[in-house]
file upload.pdb (PDB, C-alpha atoms)
ATOM      1  CA  MET U  26       4.477  -0.926 -37.188  1.00  0.00           C
ATOM      2  CA  ALA U  27       1.942  -3.344 -35.668  1.00  0.00           C
ATOM      3  CA  LYS U  28       4.699  -4.862 -33.529  1.00  0.00           C
ATOM      4  CA  LEU U  29       5.635  -1.415 -32.178  1.00  0.00           C
ATOM      5  CA  GLN U  30       1.989  -0.669 -31.356  1.00  0.00           C
ATOM      6  CA  LYS U  31       1.648  -4.019 -29.597  1.00  0.00           C
ATOM      7  CA  SER U  32       4.727  -3.175 -27.509  1.00  0.00           C
ATOM      8  CA  ILE U  33       3.297   0.258 -26.630  1.00  0.00           C
ATOM      9  CA  ASP U  34      -0.033  -1.350 -25.723  1.00  0.00           C
ATOM     10  CA  LYS U  35       1.680  -3.821 -23.363  1.00  0.00           C
ATOM     11  CA  ARG U  36       3.631  -1.066 -21.644  1.00  0.00           C
ATOM     12  CA  ASN U  37       0.472   1.042 -21.298  1.00  0.00           C
ATOM     13  CA  ALA U  38      -1.400  -1.952 -19.858  1.00  0.00           C
ATOM     14  CA  LEU U  39       1.368  -2.399 -17.274  1.00  0.00           C
ATOM     15  CA  ILE U  40       1.194   1.298 -16.344  1.00  0.00           C
ATOM     16  CA  LYS U  41      -2.607   1.197 -16.054  1.00  0.00           C
ATOM     17  CA  SER U  42      -2.508  -1.981 -13.959  1.00  0.00           C
ATOM     18  CA  THR U  43       0.140  -0.489 -11.674  1.00  0.00           C
ATOM     19  CA  ILE U  44      -1.987   2.590 -11.067  1.00  0.00           C
ATOM     20  CA  GLU U  45      -5.106   0.581 -10.316  1.00  0.00           C
ATOM     21  CA  LEU U  46      -3.394  -1.921  -8.017  1.00  0.00           C
ATOM     22  CA  VAL U  47      -1.359   0.673  -6.110  1.00  0.00           C
ATOM     23  CA  ASN U  48      -4.509   2.769  -5.666  1.00  0.00           C
ATOM     24  CA  ASN U  49      -6.488  -0.199  -4.355  1.00  0.00           C
ATOM     25  CA  ASN U  50      -3.845  -2.150  -2.439  1.00  0.00           C
ATOM     26  CA  GLY U  51      -0.914   0.171  -1.804  1.00  0.00           C
ATOM     27  CA  PHE U  52       2.634  -0.235  -3.091  1.00  0.00           C
ATOM     28  CA  HIS U  53       3.751  -3.072  -0.839  1.00  0.00           C
ATOM     29  CA  ALA U  54       0.645  -5.179  -1.444  1.00  0.00           C
ATOM     30  CA  THR U  55       1.047  -4.957  -5.220  1.00  0.00           C
ATOM     31  CA  PRO U  56       3.332  -7.755  -6.405  1.00  0.00           C
ATOM     32  CA  MET U  57       4.657  -7.847  -9.948  1.00  0.00           C
ATOM     33  CA  SER U  58       2.699 -11.053 -10.572  1.00  0.00           C
ATOM     34  CA  LYS U  59      -0.609  -9.237  -9.940  1.00  0.00           C
ATOM     35  CA  ILE U  60       0.433  -6.367 -12.195  1.00  0.00           C
ATOM     36  CA  ALA U  61       1.307  -8.810 -14.983  1.00  0.00           C
ATOM     37  CA  LYS U  62      -1.927 -10.760 -14.536  1.00  0.00           C
ATOM     38  CA  MET U  63      -4.088  -7.634 -14.629  1.00  0.00           C
ATOM     39  CA  ALA U  64      -2.191  -6.345 -17.693  1.00  0.00           C
ATOM     40  CA  ASN U  65      -2.678  -9.749 -19.337  1.00  0.00           C
ATOM     41  CA  VAL U  66       1.040 -10.280 -19.924  1.00  0.00           C
ATOM     42  CA  SER U  67       3.532 -12.777 -18.581  1.00  0.00           C
ATOM     43  CA  PRO U  68       5.525 -11.647 -15.529  1.00  0.00           C
ATOM     44  CA  ALA U  69       8.725 -11.842 -17.606  1.00  0.00           C
ATOM     45  CA  THR U  70       7.280  -9.271 -20.032  1.00  0.00           C
ATOM     46  CA  ILE U  71       7.453  -6.598 -17.334  1.00  0.00           C
ATOM     47  CA  TYR U  72      11.247  -6.827 -17.393  1.00  0.00           C
ATOM     48  CA  LEU U  73      11.338  -5.962 -21.090  1.00  0.00           C
ATOM     49  CA  TYR U  74      10.071  -2.492 -20.145  1.00  0.00           C
ATOM     50  CA  PHE U  75      11.143  -1.974 -16.525  1.00  0.00           C
ATOM     51  CA  GLU U  76      14.189  -2.988 -14.476  1.00  0.00           C
ATOM     52  CA  ASN U  77      12.173  -3.905 -11.383  1.00  0.00           C
ATOM     53  CA  LYS U  78       9.084  -2.913  -9.414  1.00  0.00           C
ATOM     54  CA  GLN U  79      10.657   0.346  -8.220  1.00  0.00           C
ATOM     55  CA  ASP U  80      11.470   1.321 -11.807  1.00  0.00           C
ATOM     56  CA  LEU U  81       7.916   0.453 -12.871  1.00  0.00           C
ATOM     57  CA  VAL U  82       6.396   2.610 -10.142  1.00  0.00           C
ATOM     58  CA  ASN U  83       8.872   5.478 -10.740  1.00  0.00           C
ATOM     59  CA  GLN U  84       8.188   5.503 -14.484  1.00  0.00           C
ATOM     60  CA  THR U  85       4.450   5.269 -13.872  1.00  0.00           C
ATOM     61  CA  TYR U  86       4.676   8.230 -11.498  1.00  0.00           C
ATOM     62  CA  LEU U  87       6.674  10.314 -13.997  1.00  0.00           C
ATOM     63  CA  GLU U  88       4.281   9.488 -16.823  1.00  0.00           C
ATOM     64  CA  VAL U  89       1.228  10.396 -14.748  1.00  0.00           C
ATOM     65  CA  LYS U  90       2.972  13.537 -13.450  1.00  0.00           C
ATOM     66  CA  SER U  91       3.842  14.546 -17.014  1.00  0.00           C
ATOM     67  CA  ASN U  92       0.225  14.096 -18.151  1.00  0.00           C
ATOM     68  CA  TYR U  93      -0.982  15.973 -15.068  1.00  0.00           C
ATOM     69  CA  THR U  94       1.253  18.976 -15.648  1.00  0.00           C
ATOM     70  CA  ALA U  95       0.549  19.011 -19.395  1.00  0.00           C
ATOM     71  CA  PHE U  96      -3.139  19.333 -18.502  1.00  0.00           C
ATOM     72  CA  VAL U  97      -2.582  21.861 -15.706  1.00  0.00           C
ATOM     73  CA  PHE U  98      -0.357  24.203 -17.716  1.00  0.00           C
ATOM     74  CA  GLU U  99      -1.994  23.719 -21.138  1.00  0.00           C
ATOM     75  CA  THR U 100      -3.765  27.106 -21.089  1.00  0.00           C
ATOM     76  CA  TYR U 101      -1.357  28.930 -18.767  1.00  0.00           C
ATOM     77  CA  ASP U 102       0.264  32.147 -20.036  1.00  0.00           C
ATOM     78  CA  LYS U 103       3.374  33.123 -18.059  1.00  0.00           C
ATOM     79  CA  ASP U 104       2.798  36.786 -18.909  1.00  0.00           C
ATOM     80  CA  THR U 105      -0.534  37.007 -17.094  1.00  0.00           C
ATOM     81  CA  SER U 106      -0.882  38.607 -13.662  1.00  0.00           C
ATOM     82  CA  VAL U 107       0.161  36.534 -10.651  1.00  0.00           C
ATOM     83  CA  LYS U 108      -3.419  36.179  -9.387  1.00  0.00           C
ATOM     84  CA  THR U 109      -4.856  35.307 -12.796  1.00  0.00           C
ATOM     85  CA  GLY U 110      -2.049  32.827 -13.441  1.00  0.00           C
ATOM     86  CA  PHE U 111      -2.426  31.200 -10.050  1.00  0.00           C
ATOM     87  CA  GLU U 112      -6.191  30.983 -10.402  1.00  0.00           C
ATOM     88  CA  LEU U 113      -5.913  29.362 -13.812  1.00  0.00           C
ATOM     89  CA  ILE U 114      -3.343  26.812 -12.562  1.00  0.00           C
ATOM     90  CA  TRP U 115      -5.268  26.136  -9.354  1.00  0.00           C
ATOM     91  CA  ARG U 116      -8.553  25.583 -11.193  1.00  0.00           C
ATOM     92  CA  ARG U 117      -6.895  23.287 -13.720  1.00  0.00           C
ATOM     93  CA  ILE U 118      -5.502  21.251 -10.811  1.00  0.00           C
ATOM     94  CA  ALA U 119      -9.001  21.138  -9.299  1.00  0.00           C
ATOM     95  CA  ASP U 120     -10.431  20.022 -12.660  1.00  0.00           C
ATOM     96  CA  PHE U 121      -7.794  17.308 -12.989  1.00  0.00           C
ATOM     97  CA  ASN U 122      -8.541  16.069  -9.474  1.00  0.00           C
ATOM     98  CA  ARG U 123     -12.253  15.914 -10.250  1.00  0.00           C
ATOM     99  CA  THR U 124     -12.083  14.396 -13.738  1.00  0.00           C
ATOM    100  CA  GLU U 125      -9.001  12.173 -13.526  1.00  0.00           C
ATOM    101  CA  CYS U 126      -9.595  10.703 -10.083  1.00  0.00           C
ATOM    102  CA  GLU U 127      -7.607   7.527 -10.658  1.00  0.00           C
ATOM    103  CA  TYR U 128      -4.492   9.445 -11.734  1.00  0.00           C
ATOM    104  CA  SER U 129      -4.973  12.091  -9.095  1.00  0.00           C
ATOM    105  CA  PHE U 130      -5.256   9.471  -6.365  1.00  0.00           C
ATOM    106  CA  PHE U 131      -2.119   7.729  -7.643  1.00  0.00           C
ATOM    107  CA  LEU U 132      -0.165  11.019  -7.500  1.00  0.00           C
ATOM    108  CA  HIS U 133      -1.556  11.631  -4.008  1.00  0.00           C
ATOM    109  CA  GLN U 134      -0.300   8.201  -2.936  1.00  0.00           C
ATOM    110  CA  CYS U 135       3.126   8.868  -4.461  1.00  0.00           C
ATOM    111  CA  ASN U 136       3.432  12.340  -2.961  1.00  0.00           C
ATOM    112  CA  ASN U 137       2.428  11.228   0.529  1.00  0.00           C
ATOM    113  CA  THR U 138       4.419   8.021   0.906  1.00  0.00           C
ATOM    114  CA  GLN U 139       7.974   6.891   0.278  1.00  0.00           C
ATOM    115  CA  ILE U 140       7.204   4.728  -2.781  1.00  0.00           C
ATOM    116  CA  ILE U 141       8.961   7.041  -5.255  1.00  0.00           C
ATOM    117  CA  ASP U 142      12.747   7.273  -5.244  1.00  0.00           C
ATOM    118  CA  GLU U 143      14.415  10.664  -4.753  1.00  0.00           C
ATOM    119  CA  PRO U 144      15.574  11.222  -8.371  1.00  0.00           C
ATOM    120  CA  SER U 145      12.033  10.559  -9.628  1.00  0.00           C
ATOM    121  CA  ARG U 146      10.563  12.817  -6.939  1.00  0.00           C
ATOM    122  CA  LYS U 147      12.919  15.642  -7.985  1.00  0.00           C
ATOM    123  CA  GLU U 148      12.019  15.104 -11.634  1.00  0.00           C
ATOM    124  CA  GLY U 149       8.344  15.290 -10.659  1.00  0.00           C
ATOM    125  CA  ILE U 150       8.934  18.630  -8.939  1.00  0.00           C
ATOM    126  CA  ARG U 151      10.579  19.979 -12.104  1.00  0.00           C
ATOM    127  CA  HIS U 152       7.286  19.362 -13.890  1.00  0.00           C
ATOM    128  CA  LEU U 153       5.795  22.069 -11.647  1.00  0.00           C
ATOM    129  CA  GLN U 154       8.313  24.710 -12.768  1.00  0.00           C
ATOM    130  CA  PRO U 155       5.733  27.114 -14.260  1.00  0.00           C
ATOM    131  CA  LEU U 156       3.953  27.284 -10.885  1.00  0.00           C
ATOM    132  CA  LEU U 157       7.254  27.731  -9.037  1.00  0.00           C
ATOM    133  CA  ASP U 158       8.241  30.500 -11.462  1.00  0.00           C
ATOM    134  CA  LEU U 159       4.872  32.194 -10.921  1.00  0.00           C
ATOM    135  CA  TRP U 160       5.379  32.096  -7.155  1.00  0.00           C
ATOM    136  CA  LYS U 161       8.888  33.514  -7.552  1.00  0.00           C
ATOM    137  CA  ARG U 162       7.500  36.375  -9.627  1.00  0.00           C
ATOM    138  CA  GLY U 163       4.755  36.892  -7.049  1.00  0.00           C
ATOM    139  CA  LYS U 164       7.295  37.000  -4.205  1.00  0.00           C
ATOM    140  CA  GLN U 165       9.447  39.487  -6.088  1.00  0.00           C
ATOM    141  CA  GLY U 166       6.389  41.644  -6.797  1.00  0.00           C
ATOM    142  CA  GLY U 167       5.224  41.637  -3.185  1.00  0.00           C
ATOM    143  CA  VAL U 168       2.057  39.639  -3.942  1.00  0.00           C
ATOM    144  CA  ILE U 169       3.007  36.183  -2.646  1.00  0.00           C
ATOM    145  CA  LYS U 170       4.332  35.622   0.875  1.00  0.00           C
ATOM    146  CA  PRO U 171       8.136  35.250   0.873  1.00  0.00           C
ATOM    147  CA  ILE U 172       8.047  31.722   2.295  1.00  0.00           C
ATOM    148  CA  SER U 173       9.140  28.267   1.150  1.00  0.00           C
ATOM    149  CA  ASP U 174       7.517  26.884  -1.995  1.00  0.00           C
ATOM    150  CA  TYR U 175       6.797  23.743   0.019  1.00  0.00           C
ATOM    151  CA  ILE U 176       4.703  25.780   2.453  1.00  0.00           C
ATOM    152  CA  LEU U 177       2.969  27.583  -0.418  1.00  0.00           C
ATOM    153  CA  TYR U 178       2.161  24.212  -1.986  1.00  0.00           C
ATOM    154  CA  ALA U 179       1.006  22.737   1.315  1.00  0.00           C
ATOM    155  CA  CYS U 180      -1.327  25.666   1.986  1.00  0.00           C
ATOM    156  CA  SER U 181      -2.760  26.204  -1.484  1.00  0.00           C
ATOM    157  CA  ILE U 182      -2.512  23.023  -3.567  1.00  0.00           C
ATOM    158  CA  ASN U 183      -2.485  20.123  -1.088  1.00  0.00           C
ATOM    159  CA  PRO U 184      -5.962  20.971   0.228  1.00  0.00           C
ATOM    160  CA  LEU U 185      -7.274  19.921  -3.196  1.00  0.00           C
ATOM    161  CA  SER U 186      -5.912  16.420  -2.571  1.00  0.00           C
ATOM    162  CA  PHE U 187      -7.618  16.357   0.807  1.00  0.00           C
ATOM    163  CA  LEU U 188     -10.930  17.374  -0.761  1.00  0.00           C
ATOM    164  CA  MET U 189     -10.480  14.817  -3.548  1.00  0.00           C
ATOM    165  CA  MET U 190      -9.859  12.083  -0.956  1.00  0.00           C
ATOM    166  CA  ALA U 191     -12.923  13.116   1.045  1.00  0.00           C
ATOM    167  CA  GLN U 192     -15.018  13.018  -2.128  1.00  0.00           C
ATOM    168  CA  LYS U 193     -13.577   9.608  -3.099  1.00  0.00           C
ATOM    169  CA  GLN U 194     -14.642   8.286   0.316  1.00  0.00           C
ATOM    170  CA  ASP U 195     -18.146   9.788  -0.099  1.00  0.00           C
ATOM    171  CA  GLN U 196     -17.631  12.096   2.883  1.00  0.00           C
ATOM    172  CA  PHE U 197     -17.885  15.314   0.895  1.00  0.00           C
ATOM    173  CA  GLN U 198     -19.174  16.494  -2.463  1.00  0.00           C
ATOM    174  CA  LEU U 199     -17.225  19.328  -4.063  1.00  0.00           C
ATOM    175  CA  THR U 200     -19.747  21.737  -5.615  1.00  0.00           C
ATOM    176  CA  GLU U 201     -18.925  24.744  -7.779  1.00  0.00           C
ATOM    177  CA  GLU U 202     -19.601  27.035  -4.810  1.00  0.00           C
ATOM    178  CA  GLN U 203     -17.178  25.040  -2.677  1.00  0.00           C
ATOM    179  CA  VAL U 204     -14.567  25.141  -5.441  1.00  0.00           C
ATOM    180  CA  GLU U 205     -14.861  28.927  -5.385  1.00  0.00           C
ATOM    181  CA  ASP U 206     -14.537  28.986  -1.574  1.00  0.00           C
ATOM    182  CA  ALA U 207     -11.536  26.656  -1.758  1.00  0.00           C
ATOM    183  CA  PHE U 208      -9.836  28.841  -4.369  1.00  0.00           C
ATOM    184  CA  LEU U 209     -10.346  32.047  -2.359  1.00  0.00           C
ATOM    185  CA  THR U 210      -9.023  30.306   0.754  1.00  0.00           C
ATOM    186  CA  ALA U 211      -5.977  29.037  -1.169  1.00  0.00           C
ATOM    187  CA  TRP U 212      -5.271  32.499  -2.585  1.00  0.00           C
ATOM    188  CA  ASP U 213      -5.680  34.169   0.798  1.00  0.00           C
ATOM    189  CA  SER U 214      -3.335  31.635   2.397  1.00  0.00           C
ATOM    190  CA  ILE U 215      -0.377  32.548   0.170  1.00  0.00           C
ATOM    191  CA  THR U 216      -0.784  36.274  -0.447  1.00  0.00           C
ATOM    192  CA  LEU U 217       0.368  39.252   1.561  1.00  0.00           C
TER     193      LEU U 217
END

call {"tool": "encode", "arguments": {"input": "upload.pdb", "output": "structure tokens"}}
result
Amino acid sequence: MAKLQKSIDKRNALIKSTIELVNNNGFHATPMSKIAKMANVSPATIYLYFENKQDLVNQTYLEVKSNYTAFVFETYDKDTSVKTGFELIWRRIADFNRTECEYSFFLHQCNNTQIIDEPSRKEGIRHLQPLLDLWKRGKQGGVIKPISDYILYACSINPLSFLMMAQKQDQFQLTEEQVEDAFLTAWDSITL
């Protein structure tokens, strides 16, 4: 049992190191040797858990995305009204961005660059299925604009990443009042 835990700890250290180094240096300036050194493992150890750097980053992305969506949808009830459901999801995303900055920034990097391969990107989108289903229900009910989910996401969810980045760079401080303004703007941007 101790051997299994040690193996899990090494893998988790590699994931954590990958997140930190990609966040600070970018994907291309993060060699496997630095990841191994920061995780306090030999470079060869990485290959016990991951095929290569791309596999390491893809698996890190999917793990972070899975944790993100577990948090976001934890209290979501698919039978609630479209507005209530969207507000709950949106606010959980805002909370995640504010409290899990390191993970949020990593997802932002992955979503806005080409570091994730297409199968992993598609798998990441599947994690958002409850939100996509809510939008579909909203479109069918005449509440949500009948436009692409990508546009809905860009107009209502992506602004949270922008605000998180501005806060990370000390250009902006997101107060509760501004969270409320941001939510109302997001809702107005996608509704009829």

call {"tool": "resolve_selection", "arguments": {"input": "upload.pdb", "expression": "the PyMOL selection byres ((chain U and resi 116-121) around 12)", "output": "ChimeraX atom specification"}}
result
/U:89-90,92-101,108-115,122-130,132,153,156,181-189,199-201,203-209,211-212

call {"tool": "resolve_selection", "arguments": {"input": "upload.pdb", "expression": "the PyMOL selection byres ((chain U and resi 140-146) around 12)", "output": "short mmCIF file (atom, residue, chain, number, x, y, z; two decimals) with C-alpha atoms, in the coordinates of the input"}}
result
data_model
loop_
_atom_site.label_atom_id
_atom_site.label_comp_id
_atom_site.auth_asym_id
_atom_site.auth_seq_id
_atom_site.Cartn_x
_atom_site.Cartn_y
_atom_site.Cartn_z
CA VAL U 47 -1.36 0.67 -6.11
CA GLY U 51 -0.91 0.17 -1.80
CA PHE U 52 2.63 -0.24 -3.09
CA HIS U 53 3.75 -3.07 -0.84
CA ALA U 54 0.64 -5.18 -1.44
CA THR U 55 1.05 -4.96 -5.22
CA LYS U 78 9.08 -2.91 -9.41
CA GLN U 79 10.66 0.35 -8.22
CA ASP U 80 11.47 1.32 -11.81
CA LEU U 81 7.92 0.45 -12.87
CA VAL U 82 6.40 2.61 -10.14
CA ASN U 83 8.87 5.48 -10.74
CA GLN U 84 8.19 5.50 -14.48
CA THR U 85 4.45 5.27 -13.87
CA TYR U 86 4.68 8.23 -11.50
CA LEU U 87 6.67 10.31 -14.00
CA GLU U 88 4.28 9.49 -16.82
CA VAL U 89 1.23 10.40 -14.75
CA LYS U 90 2.97 13.54 -13.45
CA SER U 91 3.84 14.55 -17.01
CA PHE U 131 -2.12 7.73 -7.64
CA LEU U 132 -0.16 11.02 -7.50
CA HIS U 133 -1.56 11.63 -4.01
CA GLN U 134 -0.30 8.20 -2.94
CA CYS U 135 3.13 8.87 -4.46
CA ASN U 136 3.43 12.34 -2.96
CA ASN U 137 2.43 11.23 0.53
CA THR U 138 4.42 8.02 0.91
CA GLN U 139 7.97 6.89 0.28
CA LYS U 147 12.92 15.64 -7.98
CA GLU U 148 12.02 15.10 -11.63
CA GLY U 149 8.34 15.29 -10.66
CA ILE U 150 8.93 18.63 -8.94
CA ARG U 151 10.58 19.98 -12.10
CA HIS U 152 7.29 19.36 -13.89
CA LEU U 153 5.80 22.07 -11.65
#

call {"tool": "resolve_selection", "arguments": {"input": "upload.pdb", "expression": "the PyMOL selection byres ((chain U and resi 40) around 9)", "output": "number ranges by chain"}}
result
U: 35-39, 41-45, 60, 64, 81-82, 84-85, 88

call {"tool": "atom_distance", "arguments": {"input": "upload.pdb", "atom1": "atom CA of U:Ser106", "atom2": "atom CA of U:Pro155"}}
result
13.3 Å

call {"tool": "axis_aligned_box", "arguments": {"input": "upload.pdb", "around": "stretch 195-211 of chain U", "padding_each_side": "8 Å", "output": "JSON"}}
result
{"center_x": -12.9, "center_y": 20.9, "center_z": -2.4, "size_x": 29.8, "size_y": 38.3, "size_z": 26.7}

call {"tool": "closest_residue", "arguments": {"input": "upload.pdb", "among": "U:Met190, U:Ile172, U:Leu159, U:Leu177", "to": "U:Asp104", "atoms": "all atoms listed in the file"}}
result
U:Leu159

call {"tool": "closest_residue", "arguments": {"input": "upload.pdb", "among": "U:Lys193, U:Pro171, U:Lys161, U:Leu73", "to": "U:Asn48", "atoms": "only C-alpha atoms"}}
result
U:Lys193

call {"tool": "closest_residue", "arguments": {"input": "upload.pdb", "among": "U:Ser32, U:Asn50, U:Ile176, U:Gln192", "to": "U:Thr70", "atoms": "only C-alpha atoms"}}
result
U:Ser32

call {"tool": "atom_distance", "arguments": {"input": "upload.pdb", "atom1": "atom CA of U:Ile215", "atom2": "atom CA of U:Asp102"}}
result
20.2 Å

call {"tool": "atom_distance", "arguments": {"input": "upload.pdb", "atom1": "atom CA of U:Ser67", "atom2": "atom CA of U:Leu46"}}
result
16.7 Å

call {"tool": "closest_residue", "arguments": {"input": "upload.pdb", "among": "U:Gln154, U:Gly163, U:Ser214, U:Lys31", "to": "U:Ala179", "atoms": "all atoms listed in the file"}}
result
U:Ser214

call {"tool": "closest_residue", "arguments": {"input": "upload.pdb", "among": "U:Asp34, U:Arg162, U:Asp195, U:Asn49", "to": "U:Asn65", "atoms": "all atoms listed in the file"}}
result
U:Asp34

call {"tool": "closest_residue", "arguments": {"input": "upload.pdb", "among": "U:Leu157, U:Ala191, U:Ile71, U:Val107", "to": "U:Tyr178", "atoms": "all atoms listed in the file"}}
result
U:Leu157

call {"tool": "decode", "arguments": {"input": "upload.pdb", "residues": "stretch 98-112 of chain U", "atoms": "N, CA and C atoms", "output": "compact mmCIF listing (two decimals), in the first residue's frame"}}
result
# COMPACT_ATOMS: atom_id res chain seq x y z
N PHE U 98 -19.89 21.99 -11.23
CA PHE U 98 -21.21 21.36 -11.32
C PHE U 98 -21.63 20.63 -10.04
N GLU U 99 -20.84 20.75 -8.99
CA GLU U 99 -21.12 20.03 -7.73
C GLU U 99 -22.52 20.31 -7.20
N THR U 100 -22.98 21.54 -7.24
CA THR U 100 -24.27 21.89 -6.66
C THR U 100 -25.34 22.16 -7.73
N TYR U 101 -25.01 21.88 -8.98
CA TYR U 101 -25.93 22.16 -10.08
C TYR U 101 -27.04 21.11 -10.13
N ASP U 102 -28.27 21.58 -10.33
CA ASP U 102 -29.44 20.71 -10.49
C ASP U 102 -30.00 20.96 -11.89
N LYS U 103 -29.95 19.93 -12.73
CA LYS U 103 -30.38 20.10 -14.13
C LYS U 103 -31.86 20.42 -14.27
N ASP U 104 -32.62 20.27 -13.22
CA ASP U 104 -34.06 20.55 -13.29
C ASP U 104 -34.42 21.98 -12.90
N THR U 105 -33.43 22.78 -12.57
CA THR U 105 -33.68 24.17 -12.20
C THR U 105 -33.96 25.00 -13.46
N SER U 106 -34.43 26.22 -13.28
CA SER U 106 -34.69 27.09 -14.43
C SER U 106 -33.37 27.40 -15.14
N VAL U 107 -33.46 27.80 -16.40
CA VAL U 107 -32.27 28.09 -17.19
C VAL U 107 -31.46 29.21 -16.52
N LYS U 108 -32.13 30.28 -16.12
CA LYS U 108 -31.39 31.40 -15.51
C LYS U 108 -30.75 30.98 -14.20
N THR U 109 -31.49 30.30 -13.34
CA THR U 109 -30.94 29.87 -12.06
C THR U 109 -29.77 28.92 -12.26
N GLY U 110 -29.94 27.98 -13.20
CA GLY U 110 -28.86 27.03 -13.49
C GLY U 110 -27.62 27.73 -14.04
N PHE U 111 -27.83 28.65 -14.96
CA PHE U 111 -26.69 29.37 -15.53
C PHE U 111 -26.00 30.21 -14.46
N GLU U 112 -26.78 30.87 -13.64
CA GLU U 112 -26.19 31.71 -12.59
C GLU U 112 -25.36 30.87 -11.63
